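For reference, the structure is listed below as structure tokens.
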Amino acid sequence: MDYSEVISRLKNKDAKALEQVITEYNHYVTAIVYNILKSCASAPDIQGIVNQVFFQLWQNSEKIDTDRFHDLKPYLAKTARNAAINERRKKRAEITMEDELLGNVDDALKLTELRYILNSAVGRLSEEEQKLIVSYYFYEMPIREIAGQLRLSESAVKTKLHRCRLKLKTFLEKEGVFHENDLL
């Protein structure tokens, strides 16, 4: 495939060029989106994001910098990654920490008791671990921002969050609280 020709045809809104790009890169874009969203999105949602990536290509084709992108693969990868991450952030905002750890509880008395237990469990964590949990789950700060504030690498923050969740899970299990969909 001659990418400069395809990009040129896309800029001229040639639908056949878009079809050619979709045929060539659909599996590639789907793999990127799936790997980012597999734990929080359904197959139709993932396909919707893939469609959105190709629609963005079509809409923004005249803005593609041919000096920077000689091949569409990096452009599509960047667009797919950004779209999937944005979707994951939306999904994460819909799920509260209590939902992840405790599930849905209908009885208000049980919910109050569970909140007390959860607060108690978070209180058992070190000060740094509490900052991580509160920043990530309650203030919904991105990993990058948390890493900057705590002067840690992003991978260190992810590792520490994982360990905090495991500690919380252990604390909650000791209190007799189990989550039916064990997300940890």
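Letters for chains follow the order of the structure tokens (A, B, ...), residue numbers begin at 1 for each chain, and ligand numbers begin at 1 in the order shown.
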* To do: Show which residues sit within 12 Å of segment 17-25 of chain A, as a ChimeraX atom specification. Count only C-alpha atoms, and ignore same-chain residues fewer than 4 positions away.
  => /A:1-13,29-32,50-59,61,71-77,80
Could you write those residues out with C-alpha atoms, as a PDB file, in the first residue's frame?
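New file again05.pdb:
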ATOM      1  CA  MET A   1       0.000   0.000   0.000  1.00  0.00           C
ATOM      2  CA  ASP A   2       1.359   3.408  -0.968  1.00  0.00           C
ATOM      3  CA  TYR A   3       0.551   5.401   2.156  1.00  0.00           C
ATOM      4  CA  SER A   4       1.197   8.849   0.726  1.00  0.00           C
ATOM      5  CA  GLU A   5      -1.284   8.078  -2.058  1.00  0.00           C
ATOM      6  CA  VAL A   6      -3.858   6.735   0.407  1.00  0.00           C
ATOM      7  CA  ILE A   7      -3.449   9.769   2.656  1.00  0.00           C
ATOM      8  CA  SER A   8      -3.824  12.019  -0.363  1.00  0.00           C
ATOM      9  CA  ARG A   9      -6.991  10.177  -1.391  1.00  0.00           C
ATOM     10  CA  LEU A  10      -8.336  10.450   2.171  1.00  0.00           C
ATOM     11  CA  LYS A  11      -7.690  14.187   2.124  1.00  0.00           C
ATOM     12  CA  ASN A  12      -9.806  14.319  -1.045  1.00  0.00           C
ATOM     13  CA  LYS A  13     -12.550  12.373   0.799  1.00  0.00           C
ATOM     14  CA  VAL A  29      -6.967  -0.972  15.772  1.00  0.00           C
ATOM     15  CA  THR A  30      -9.332  -3.499  17.371  1.00  0.00           C
ATOM     16  CA  ALA A  31      -6.406  -5.183  19.169  1.00  0.00           C
ATOM     17  CA  ILE A  32      -5.230  -1.868  20.620  1.00  0.00           C
ATOM     18  CA  VAL A  50     -12.904   1.218  16.703  1.00  0.00           C
ATOM     19  CA  ASN A  51     -15.529   2.806  14.457  1.00  0.00           C
ATOM     20  CA  GLN A  52     -14.879   6.140  16.143  1.00  0.00           C
ATOM     21  CA  VAL A  53     -11.150   5.852  15.344  1.00  0.00           C
ATOM     22  CA  PHE A  54     -11.824   5.376  11.628  1.00  0.00           C
ATOM     23  CA  PHE A  55     -14.444   8.137  11.676  1.00  0.00           C
ATOM     24  CA  GLN A  56     -11.871  10.479  13.243  1.00  0.00           C
ATOM     25  CA  LEU A  57      -9.421   9.515  10.501  1.00  0.00           C
ATOM     26  CA  TRP A  58     -12.040  10.422   7.897  1.00  0.00           C
ATOM     27  CA  GLN A  59     -13.012  13.687   9.614  1.00  0.00           C
ATOM     28  CA  SER A  61      -7.738  13.425   7.146  1.00  0.00           C
ATOM     29  CA  ASP A  71       2.488   5.376   7.342  1.00  0.00           C
ATOM     30  CA  LEU A  72      -1.005   5.387   8.836  1.00  0.00           C
ATOM     31  CA  LYS A  73      -0.165   2.729  11.422  1.00  0.00           C
ATOM     32  CA  PRO A  74       1.350   5.080  14.055  1.00  0.00           C
ATOM     33  CA  TYR A  75      -1.396   7.648  13.480  1.00  0.00           C
ATOM     34  CA  LEU A  76      -4.118   5.027  13.933  1.00  0.00           C
ATOM     35  CA  ALA A  77      -2.346   3.544  16.958  1.00  0.00           C
ATOM     36  CA  ALA A  80      -6.999   4.270  19.005  1.00  0.00           C
TER      37      ALA A  80
END
* Using backbone DSSP assignments, extract all alpha helix (DSSP H) residues from segment 46-76 of chain A; output them as a ChimeraX atom specification. => /A:46-59,72-76
* Structure fact -> re atom CA of Ala83 of chain A and atom CA of Val33 of chain A: distance 8.0 Å
* Take atom CA of Thr79 of chain A and atom CA of Ile49 of chain A and report the distance between them in Å, one decimal. => 10.2 Å
* Between atom CA of Leu150 of chain A and atom CA of Lys131 of chain A, what is the spacing in Å? ->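 Rounded to one decimal, the two atoms are 9.1 Å apart.
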* To do: With a distance cut-off of 8 Å and only C-alpha atoms, select the neighbouring residues of Glu175 of chain A, excluding the residue or stretch itself and same-chain residues fewer than 3 positions from it, and output the selection as an MDAnalysis selection string.
  => chainID A and resid 117 171:172
* Asked: Near Gln149 of chain A, counting only C-alpha atoms, which residues have an atom at most 12 Å away, once you skip same-chain residues fewer than 5 positions from it, shown as a PyMOL selection string?
  -> chain A and resi 128+131-132+135+141-144+154+157
